[in-house]
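Peer 1: So that you have it, the file is my_file_11.csv, and it contains CSV, C-alpha atoms:
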```
chain,number,residue,atom,x,y,z
T,13,MET,CA,2.7,-16.6,30.2
T,14,THR,CA,-0.2,-17.1,27.7
T,15,ILE,CA,-1.0,-15.9,24.1
T,16,THR,CA,-4.0,-14.1,25.5
T,17,GLN,CA,-1.8,-12.1,27.9
T,18,LEU,CA,0.6,-11.2,25.0
T,19,TYR,CA,-2.5,-10.2,22.9
T,20,TYR,CA,-3.6,-7.8,25.7
T,21,VAL,CA,-0.1,-6.3,25.9
T,22,LEU,CA,-0.2,-5.6,22.2
T,23,ALA,CA,-3.6,-4.0,22.5
T,24,VAL,CA,-2.5,-1.6,25.3
T,25,ALA,CA,0.7,-0.8,23.4
T,26,GLU,CA,-1.3,0.2,20.3
T,27,ASN,CA,-4.0,2.1,22.1
T,28,GLN,CA,-1.9,3.6,25.0
T,29,ASN,CA,-4.9,3.2,27.2
T,30,PHE,CA,-6.2,0.2,29.2
T,31,THR,CA,-9.9,1.0,28.7
T,32,LYS,CA,-9.6,1.3,24.9
T,33,ALA,CA,-7.5,-1.8,24.8
T,34,ALA,CA,-10.1,-3.8,26.8
T,35,ALA,CA,-12.9,-2.7,24.5
T,36,LYS,CA,-10.9,-3.8,21.5
T,37,CYS,CA,-10.3,-7.2,23.1
T,38,PHE,CA,-14.0,-7.5,24.2
T,39,VAL,CA,-13.1,-7.9,27.8
T,40,THR,CA,-13.6,-5.8,30.9
T,41,GLN,CA,-10.8,-3.3,31.8
T,42,PRO,CA,-10.2,-5.0,35.2
T,43,THR,CA,-9.7,-8.4,33.5
T,44,LEU,CA,-7.2,-7.0,31.0
T,45,SER,CA,-5.3,-5.1,33.7
T,46,MET,CA,-5.2,-8.1,35.9
T,47,GLN,CA,-3.8,-10.3,33.2
T,48,ILE,CA,-1.1,-7.8,32.2
T,49,GLN,CA,-0.1,-7.3,35.9
T,50,LYS,CA,0.1,-11.0,36.3
T,51,LEU,CA,2.5,-11.2,33.3
T,52,GLU,CA,4.6,-8.4,34.7
T,53,ASP,CA,4.8,-10.1,38.0
T,54,GLN,CA,5.8,-13.3,36.4
T,55,LEU,CA,8.6,-11.6,34.3
T,56,GLY,CA,9.7,-9.4,37.2
T,57,VAL,CA,9.6,-6.2,35.0
T,58,GLN,CA,7.3,-3.3,34.2
T,59,ILE,CA,6.1,-3.4,30.6
T,60,PHE,CA,4.2,-0.1,30.8
T,61,ASP,CA,5.0,3.2,32.5
T,62,ARG,CA,1.5,3.9,34.0
T,63,SER,CA,2.6,7.3,35.3
T,64,LYS,CA,2.7,8.7,31.8
T,65,LYS,CA,-0.4,10.0,30.0
T,66,PRO,CA,-0.9,8.4,27.6
T,67,ILE,CA,0.6,5.2,28.9
T,68,GLU,CA,4.1,4.5,27.4
T,69,LEU,CA,6.2,1.4,27.0
T,70,THR,CA,9.2,1.0,29.2
T,71,ASN,CA,12.6,0.3,27.5
T,72,ILE,CA,12.2,-3.4,28.3
T,73,GLY,CA,8.5,-3.2,27.4
T,74,ARG,CA,9.4,-2.2,23.8
T,75,LYS,CA,11.5,-5.3,23.4
T,76,ILE,CA,8.8,-7.4,24.9
T,77,VAL,CA,6.2,-6.0,22.5
T,78,THR,CA,8.4,-6.7,19.5
T,79,GLN,CA,8.7,-10.4,20.6
T,80,ALA,CA,5.1,-10.6,21.6
T,81,ARG,CA,4.0,-9.5,18.1
T,82,ASN,CA,6.1,-12.3,16.6
T,83,ILE,CA,4.7,-14.9,19.0
T,84,VAL,CA,1.1,-13.9,18.4
T,85,ASN,CA,1.5,-13.8,14.7
T,86,GLU,CA,3.0,-17.3,14.8
T,87,SER,CA,0.1,-18.6,16.9
T,88,TYR,CA,-2.2,-17.5,14.1
T,89,ARG,CA,-0.3,-19.8,11.7
T,90,ILE,CA,-1.9,-22.9,13.4
T,91,GLN,CA,-5.3,-21.8,12.1
T,92,ASP,CA,-3.7,-21.1,8.7
T,93,ILE,CA,-2.4,-24.6,8.6
T,94,VAL,CA,-5.8,-26.1,9.4
T,95,ASP,CA,-7.6,-23.8,6.9
T,96,GLN,CA,-5.2,-24.7,4.1
T,97,GLN,CA,-5.4,-28.4,4.9
T,98,LYS,CA,-9.2,-28.2,4.6
T,99,GLY,CA,-9.0,-26.0,1.5
T,100,PHE,CA,-11.0,-23.3,3.3
T,101,ILE,CA,-10.6,-19.8,2.0
T,102,GLY,CA,-12.5,-17.5,4.3
T,103,GLY,CA,-12.5,-15.2,7.3
T,104,GLU,CA,-11.5,-11.6,7.8
T,105,PHE,CA,-8.8,-10.3,5.6
T,106,LYS,CA,-7.4,-6.7,5.9
T,107,LEU,CA,-6.1,-5.3,2.7
T,108,GLY,CA,-4.4,-1.9,2.1
T,109,ILE,CA,-4.2,-0.3,-1.4
T,110,ILE,CA,-2.3,2.9,-2.3
T,111,PRO,CA,-4.3,5.9,-3.6
T,112,THR,CA,-3.0,5.7,-7.2
T,113,VAL,CA,-4.0,2.1,-7.6
T,114,MET,CA,-7.3,2.0,-5.5
T,115,PRO,CA,-9.7,3.8,-7.9
T,116,THR,CA,-8.7,1.9,-11.0
T,117,LEU,CA,-7.8,-1.6,-9.9
T,118,LEU,CA,-10.3,-2.2,-7.1
T,119,PRO,CA,-13.4,-2.0,-9.4
T,120,MET,CA,-11.7,-4.4,-11.8
T,121,PHE,CA,-11.3,-7.3,-9.3
T,122,LEU,CA,-13.5,-6.8,-6.3
T,123,LYS,CA,-16.8,-8.2,-7.7
T,124,SER,CA,-15.0,-11.2,-9.2
T,125,PHE,CA,-13.1,-12.0,-6.0
T,126,ILE,CA,-16.2,-11.7,-3.8
T,127,LYS,CA,-18.1,-14.0,-6.2
T,128,LYS,CA,-15.3,-16.6,-6.3
T,129,HIS,CA,-14.5,-16.5,-2.5
T,130,PRO,CA,-17.8,-15.4,-0.8
T,131,LYS,CA,-16.5,-16.6,2.7
T,132,VAL,CA,-13.7,-14.0,2.7
T,133,LYS,CA,-14.6,-10.9,4.6
T,134,LEU,CA,-12.5,-8.2,3.0
T,135,LYS,CA,-11.7,-5.0,4.9
T,136,ILE,CA,-10.1,-2.6,2.4
T,137,GLU,CA,-8.4,0.7,3.3
T,138,GLU,CA,-6.8,3.3,1.0
T,139,LEU,CA,-3.4,4.1,2.6
T,140,THR,CA,0.0,5.6,1.6
T,141,THR,CA,2.9,3.2,1.1
T,142,GLU,CA,4.4,4.4,4.4
T,143,GLU,CA,1.2,3.7,6.3
T,144,ILE,CA,0.9,0.3,4.6
T,145,ILE,CA,4.5,-0.7,5.7
T,146,THR,CA,3.8,0.3,9.3
T,147,ARG,CA,0.5,-1.6,9.5
T,148,ILE,CA,1.9,-4.7,7.9
T,149,LYS,CA,4.7,-4.8,10.4
T,150,ASP,CA,2.3,-4.1,13.3
T,151,GLY,CA,0.0,-6.9,12.2
T,152,HIS,CA,-2.9,-4.5,11.3
T,153,LEU,CA,-2.9,-5.4,7.7
T,154,ASP,CA,-2.8,-8.9,6.2
T,155,ALA,CA,-1.5,-7.7,2.8
T,156,ALA,CA,-1.5,-4.7,0.5
T,157,ILE,CA,-1.3,-3.7,-3.1
T,158,ALA,CA,1.5,-1.1,-3.7
T,159,ALA,CA,4.2,0.0,-6.1
T,160,THR,CA,7.4,-1.9,-5.6
T,161,PRO,CA,10.2,-2.8,-5.0
T,162,LEU,CA,10.2,-1.6,-1.4
T,163,GLU,CA,13.5,-3.1,-0.4
T,164,ASP,CA,12.3,-4.0,3.1
T,165,ASP,CA,13.5,-7.3,4.5
T,166,SER,CA,10.5,-7.8,6.6
T,167,ILE,CA,8.1,-7.6,3.7
T,168,LYS,CA,7.6,-10.0,0.8
T,169,GLU,CA,6.4,-9.0,-2.7
T,170,ARG,CA,4.6,-10.8,-5.5
T,171,VAL,CA,4.5,-8.8,-8.7
T,172,LEU,CA,0.9,-8.5,-10.2
T,173,TYR,CA,1.7,-6.4,-13.2
T,174,PHE,CA,3.8,-3.6,-14.8
T,175,GLU,CA,1.9,-0.4,-15.4
T,176,PRO,CA,3.2,2.0,-18.1
T,177,PHE,CA,3.3,5.7,-17.6
T,178,VAL,CA,1.3,7.8,-20.0
T,179,SER,CA,1.9,11.5,-20.6
T,180,TYR,CA,-1.2,13.8,-20.4
T,181,ILE,CA,-0.2,16.9,-22.4
T,182,PRO,CA,-2.8,19.7,-23.1
T,183,LYS,CA,-3.0,21.8,-26.2
T,184,GLY,CA,-0.5,24.6,-26.3
T,185,HIS,CA,2.1,22.7,-24.4
T,186,ARG,CA,5.5,22.4,-26.1
T,187,LEU,CA,5.1,18.6,-26.4
T,188,HIS,CA,1.5,18.3,-27.4
T,189,ASN,CA,2.1,17.8,-31.1
T,190,ASN,CA,4.6,15.0,-30.6
T,191,ASN,CA,3.2,11.6,-31.6
T,192,LYS,CA,5.3,9.9,-28.9
T,193,ILE,CA,7.3,11.2,-26.0
T,194,ASP,CA,10.9,10.5,-25.1
T,195,VAL,CA,11.8,10.4,-21.4
T,196,SER,CA,14.6,12.8,-22.1
T,197,GLU,CA,12.0,15.5,-23.1
T,198,LEU,CA,10.4,15.6,-19.6
T,199,ASP,CA,11.1,18.6,-17.4
T,200,ILE,CA,10.1,18.7,-13.8
T,201,ASN,CA,9.6,22.4,-14.0
T,202,ASP,CA,6.4,22.1,-16.1
T,203,MET,CA,5.2,19.0,-14.5
T,204,LEU,CA,2.1,18.8,-12.3
T,205,LEU,CA,2.7,16.4,-9.4
T,206,LEU,CA,0.9,14.6,-6.7
T,207,GLU,CA,1.6,16.0,-3.2
T,208,ASP,CA,4.1,14.5,-0.8
T,209,GLY,CA,3.3,11.0,0.5
T,210,HIS,CA,2.4,9.5,-2.9
T,211,CYS,CA,4.9,7.0,-4.2
T,212,PHE,CA,3.8,7.8,-7.8
T,213,ARG,CA,5.0,11.4,-7.2
T,214,ASP,CA,8.4,10.1,-6.2
T,215,GLY,CA,8.6,8.0,-9.3
T,216,VAL,CA,7.8,10.9,-11.6
T,217,ILE,CA,10.4,13.1,-9.9
T,218,ASN,CA,13.1,10.4,-10.2
T,219,LEU,CA,12.3,10.0,-13.8
T,220,CYS,CA,12.6,13.7,-14.6
T,221,LYS,CA,15.7,14.1,-12.5
T,222,ALA,CA,17.5,11.5,-14.5
T,223,PHE,CA,17.5,14.0,-17.4
T,224,LYS,CA,16.7,17.5,-16.1
T,225,SER,CA,17.8,19.5,-13.1
T,226,HIS,CA,15.2,20.3,-10.5
T,227,SER,CA,14.9,24.0,-10.0
T,228,GLU,CA,13.1,25.2,-6.9
T,229,ASP,CA,12.6,28.7,-8.4
T,230,GLN,CA,10.2,27.5,-11.1
T,231,PHE,CA,6.4,27.5,-10.7
T,232,GLN,CA,5.2,24.1,-9.4
T,233,LEU,CA,1.7,22.9,-8.4
T,234,GLU,CA,0.9,19.8,-6.4
T,235,SER,CA,-2.4,18.1,-5.8
T,236,GLY,CA,-3.8,15.2,-3.8
T,237,SER,CA,-5.5,13.4,-6.7
T,238,ILE,CA,-4.8,12.4,-10.3
T,239,GLU,CA,-8.2,13.7,-11.4
T,240,THR,CA,-7.4,17.1,-10.1
T,241,LEU,CA,-4.0,17.1,-12.0
T,242,ILE,CA,-5.9,16.3,-15.2
T,243,LYS,CA,-8.2,19.3,-14.6
T,244,LEU,CA,-5.3,21.6,-13.8
T,245,SER,CA,-3.5,20.4,-16.9
T,246,ASN,CA,-6.6,21.2,-19.0
T,247,GLU,CA,-6.4,24.8,-17.7
T,248,GLY,CA,-2.9,25.1,-19.2
T,249,LEU,CA,-1.0,24.9,-16.0
T,250,GLY,CA,1.4,22.1,-17.2
T,251,MET,CA,1.5,18.5,-18.2
T,252,THR,CA,1.3,15.4,-16.0
T,253,LEU,CA,2.0,11.7,-16.0
T,254,LEU,CA,-0.7,9.1,-15.5
T,255,PRO,CA,-0.6,5.4,-14.6
T,256,TYR,CA,-2.0,3.5,-17.6
T,257,LEU,CA,-5.1,2.2,-15.8
T,258,HIS,CA,-6.2,5.8,-15.1
T,259,THR,CA,-6.2,6.5,-18.9
T,260,LEU,CA,-9.0,4.0,-19.4
T,261,ASP,CA,-11.5,6.4,-17.9
T,262,ILE,CA,-10.4,9.4,-19.9
T,263,ASN,CA,-13.3,10.8,-21.9
T,264,ASP,CA,-13.2,11.0,-25.7
T,265,LYS,CA,-12.6,14.8,-25.7
T,266,GLU,CA,-9.4,14.4,-23.5
T,267,LYS,CA,-8.0,11.3,-25.2
T,268,GLY,CA,-6.2,13.5,-27.7
T,269,ASN,CA,-4.1,14.8,-24.8
T,270,LEU,CA,-2.7,11.3,-24.1
T,271,HIS,CA,0.8,10.7,-25.4
T,272,TYR,CA,2.6,7.3,-25.1
T,273,PHE,CA,6.4,7.0,-24.6
T,274,ASN,CA,8.8,5.6,-27.0
T,275,GLU,CA,9.9,2.1,-26.1
T,276,PRO,CA,11.1,1.1,-23.6
T,277,SER,CA,8.3,2.8,-21.8
T,278,PRO,CA,8.8,3.9,-18.2
T,279,ALA,CA,6.5,1.9,-15.9
T,280,ARG,CA,5.9,1.0,-12.3
T,281,GLU,CA,5.8,-2.4,-10.8
T,282,VAL,CA,2.6,-3.1,-8.8
T,283,SER,CA,2.7,-6.0,-6.4
T,284,ILE,CA,0.8,-7.7,-3.6
T,285,ILE,CA,2.9,-7.4,-0.5
T,286,TYR,CA,2.7,-9.1,2.9
T,287,HIS,CA,4.7,-9.8,6.1
T,288,LYS,CA,7.6,-12.3,5.8
T,289,SER,CA,5.7,-14.5,8.4
T,290,GLU,CA,3.4,-15.4,5.4
T,291,LEU,CA,0.2,-15.6,7.4
T,292,LYS,CA,-3.1,-16.2,5.4
T,293,MET,CA,-1.1,-17.2,2.3
T,294,HIS,CA,-4.1,-19.1,0.9
T,295,ILE,CA,-6.1,-15.8,0.7
T,296,ILE,CA,-3.1,-13.9,-0.6
T,297,GLU,CA,-2.6,-16.4,-3.4
T,298,ALA,CA,-6.4,-16.3,-4.2
T,299,LEU,CA,-6.2,-12.5,-4.5
T,300,GLN,CA,-3.1,-12.8,-6.7
T,301,ASP,CA,-4.8,-15.3,-9.0
T,302,VAL,CA,-8.0,-13.2,-9.5
T,303,ILE,CA,-6.1,-9.9,-10.1
T,304,SER,CA,-3.5,-11.4,-12.4
T,305,GLY,CA,-6.2,-13.2,-14.4
T,306,ILE,CA,-8.2,-10.0,-14.9
T,307,ILE,CA,-5.1,-8.0,-15.8
T,308,ARG,CA,-4.0,-10.6,-18.3
T,309,GLY,CA,-7.5,-10.6,-19.8
T,310,ALA,CA,-7.9,-6.9,-20.1
T,311,ILE,CA,-4.5,-5.4,-20.6
T,312,ALA,CA,-1.4,-6.6,-22.5
T,313,PHE,CA,1.3,-5.5,-20.0
T,314,GLN,CA,3.6,-8.5,-20.6
T,315,ASN,CA,5.7,-6.9,-23.3
T,316,VAL,CA,6.2,-3.6,-21.5
T,317,LYS,CA,9.9,-2.8,-20.8
T,318,ILE,CA,11.0,-0.8,-17.8
T,319,ILE,CA,13.7,1.7,-17.8
T,320,SER,CA,15.6,3.1,-14.8
T,321,PRO,CA,14.8,4.8,-12.5
T,322,LEU,CA,11.8,2.6,-11.6
T,323,ALA,CA,8.8,4.3,-10.0
T,324,LYS,CA,8.5,3.2,-6.4
```
Go ahead and express the file in the form of structure tokens.
Peer 2:
Amino acid sequence: MTITQLYYVLAVAENQNFTKAAAKCFVTQPTLSMQIQKLEDQLGVQIFDRSKKPIELTNIGRKIVTQARNIVNESYRIQDIVDQQKGFIGGEFKLGIIPTVMPTLLPMFLKSFIKKHPKVKLKIEELTTEEIITRIKDGHLDAAIAATPLEDDSIKERVLYFEPFVSYIPKGHRLHNNNKIDVSELDINDMLLLEDGHCFRDGVINLCKAFKSHSEDQFQLESGSIETLIKLSNEGLGMTLLPYLHTLDINDKEKGNLHYFNEPSPAREVSIIYHKSELKMHIIEALQDVISGIIRGAIAFQNVKIISPLAK
């Protein structure tokens, strides 16, 4: 049994196709098939049910893939140990970022990180929290930036900052003339929300439910982007809540629609998350240092207090 064979097994399990898996591994299909057959013969079991289209794992195959993933990940740790001993920060690093953080935080730190660590080849994807968790567990992401806590034992979290919620309330709304907003004044029935799949949406709903009942009979409108919510709010269709960093790009005409909460302000915890195996920790720590430094220099989040329920 070799690491290479296990790597080939993981590729087939992911792609459910020997030809696609071979292309991903940069080998010929006969070479990959032969090595997997050799492993199956050695173990005396069938890892894949080749009669199914697409190819499926057998019951024992699923257990083997789980263990193979752990073994392959641990084998990468040897290179990590060498890199850290040499003080080398470089190589490919796959980073996921949730949609409500990506457009605001990424422009703040990307240029500085690339300049400070030019040997790191960042591959960045915008993904939902659910997609991020799956990809971290499958080894397809090295780390991610997401709202926490996730309460997942297989994932570790390092808090980057606490981001307050800010109300965006257009003229004519019942709360527009209030200097500051109290959480108890929020009502889910006149709140514009992000569509399902966004963790920020869940946080807003939880916040409103703590004080108001959620009626399915009332008019509700959901969108896929915060920018769209702002535009809909400007049309008088309701108010919305924004993460603080999104308010930095609000134009002067719309700034009058921003209303801050009475203390303690509701906020979300934003963290860099990674697998408990702690691979590529030298790069994760480098990212944390750059982002935390920029946040500290630009925004005073340190004194923000968080109330329950916390946005996830």
Peer 1: Suppose you want the space between CA of Asn190 in chain T and CA of Val178 in chain T; what is it in Å?
Peer 2: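 Taking CA of Asn190 in chain T as the start and CA of Val178 in chain T as the end point, the length is 13.2 Å.
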Peer 1: Between CA of Leu244 in chain T and CA of Leu270 in chain T, what is the distance in Å, rounded to a tenth?
Peer 2: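 Going from CA of Leu244 in chain T over to CA of Leu270 in chain T, I get 14.8 Å.
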Peer 1: (5.1, -4.1, -11.3) in this file's frame - what residues fall within 6 Å of it? Use only C-alpha atoms and give the answer as a PyMOL selection string.
Peer 2: chain T and resi 171+173-174+280-283
Peer 1: Could you give me, as CSV, every range 96-115 of chain T residue with an atom at most 12 Å from range 142-154 of chain T, plus its closest atom pair and distance in Å to one decimal, counting all atoms listed in the file, rows ordered by chain then number?
Peer 2:
```
residue,atom,partner,partner_atom,distance
T:Gly103,CA,T:Asp154,CA,11.6
T:Glu104,CA,T:Asp154,CA,9.2
T:Phe105,CA,T:Asp154,CA,6.2
T:Lys106,CA,T:Leu153,CA,5.0
T:Leu107,CA,T:Leu153,CA,5.9
T:Gly108,CA,T:Ile144,CA,6.3
T:Ile109,CA,T:Ile144,CA,7.9
T:Ile110,CA,T:Ile144,CA,8.0
T:Pro111,CA,T:Ile144,CA,11.2
```
Peer 1: Would you compute the distance between CA of Gln96 in chain T and CA of His294 in chain T? Give it in Å to one decimal.
Peer 2: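 We find that CA of Gln96 in chain T and CA of His294 in chain T lie 6.5 Å from each other.
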Peer 1: Compile the contact shell of Ile284 in chain T as a list in words: residues with an atom at most 10 Å away, counting all atoms listed in the file, same-chain residues fewer than 3 positions apart removed.
Peer 2: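 The contact residues come out as Leu107, Gly108, Ile109, Ala155, Ala156, Ile157, Ala158, Ala159, Thr160, Lys168, Glu169, Arg170, Val171, Leu172, Tyr173, Ile296, Glu297, Leu299, Gln300 and Ile303 of chain T.
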Peer 1: Between T:Glu138, T:Asp61, T:Asp301, T:Asp53, which has the minimum distance to Thr112 in chain T (counting all atoms listed in the file)?
Peer 2: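 For Thr112 in chain T, the nearest of the given residues is T:Glu138.
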Peer 1: Restricting the calculation to only C-alpha atoms: of T:Thr116, T:Asn85, T:Gln17, T:Thr78, which residue gets closest to Ile307 in chain T?
Peer 2: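 The closest residue to Ile307 in chain T is T:Thr116.
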Peer 1: Have a look at T:Ile136, T:His129, T:Asn246, T:Asp165 and name the one nearest to Lys183 in chain T; count all atoms listed in the file.
Peer 2: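 With all atoms listed in the file as the atom set, the closest residue is T:Asn246.
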Peer 1: Counting all atoms listed in the file, figure out which residue out of T:Ile72, T:Ile181, T:Leu291, T:Ile15 gets nearest to Ile90 in chain T.
Peer 2: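 Among the listed residues, T:Leu291 lies closest to Ile90 in chain T.
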Peer 1: So that I can see what lies close to Leu22 in chain T, please list as number ranges by chain the residues with an atom at most 9 Å from it, counting all atoms listed in the file and leaving out residues fewer than 4 positions away in the same chain.
Peer 2: T: 17-18, 26-27, 33, 77, 80-81
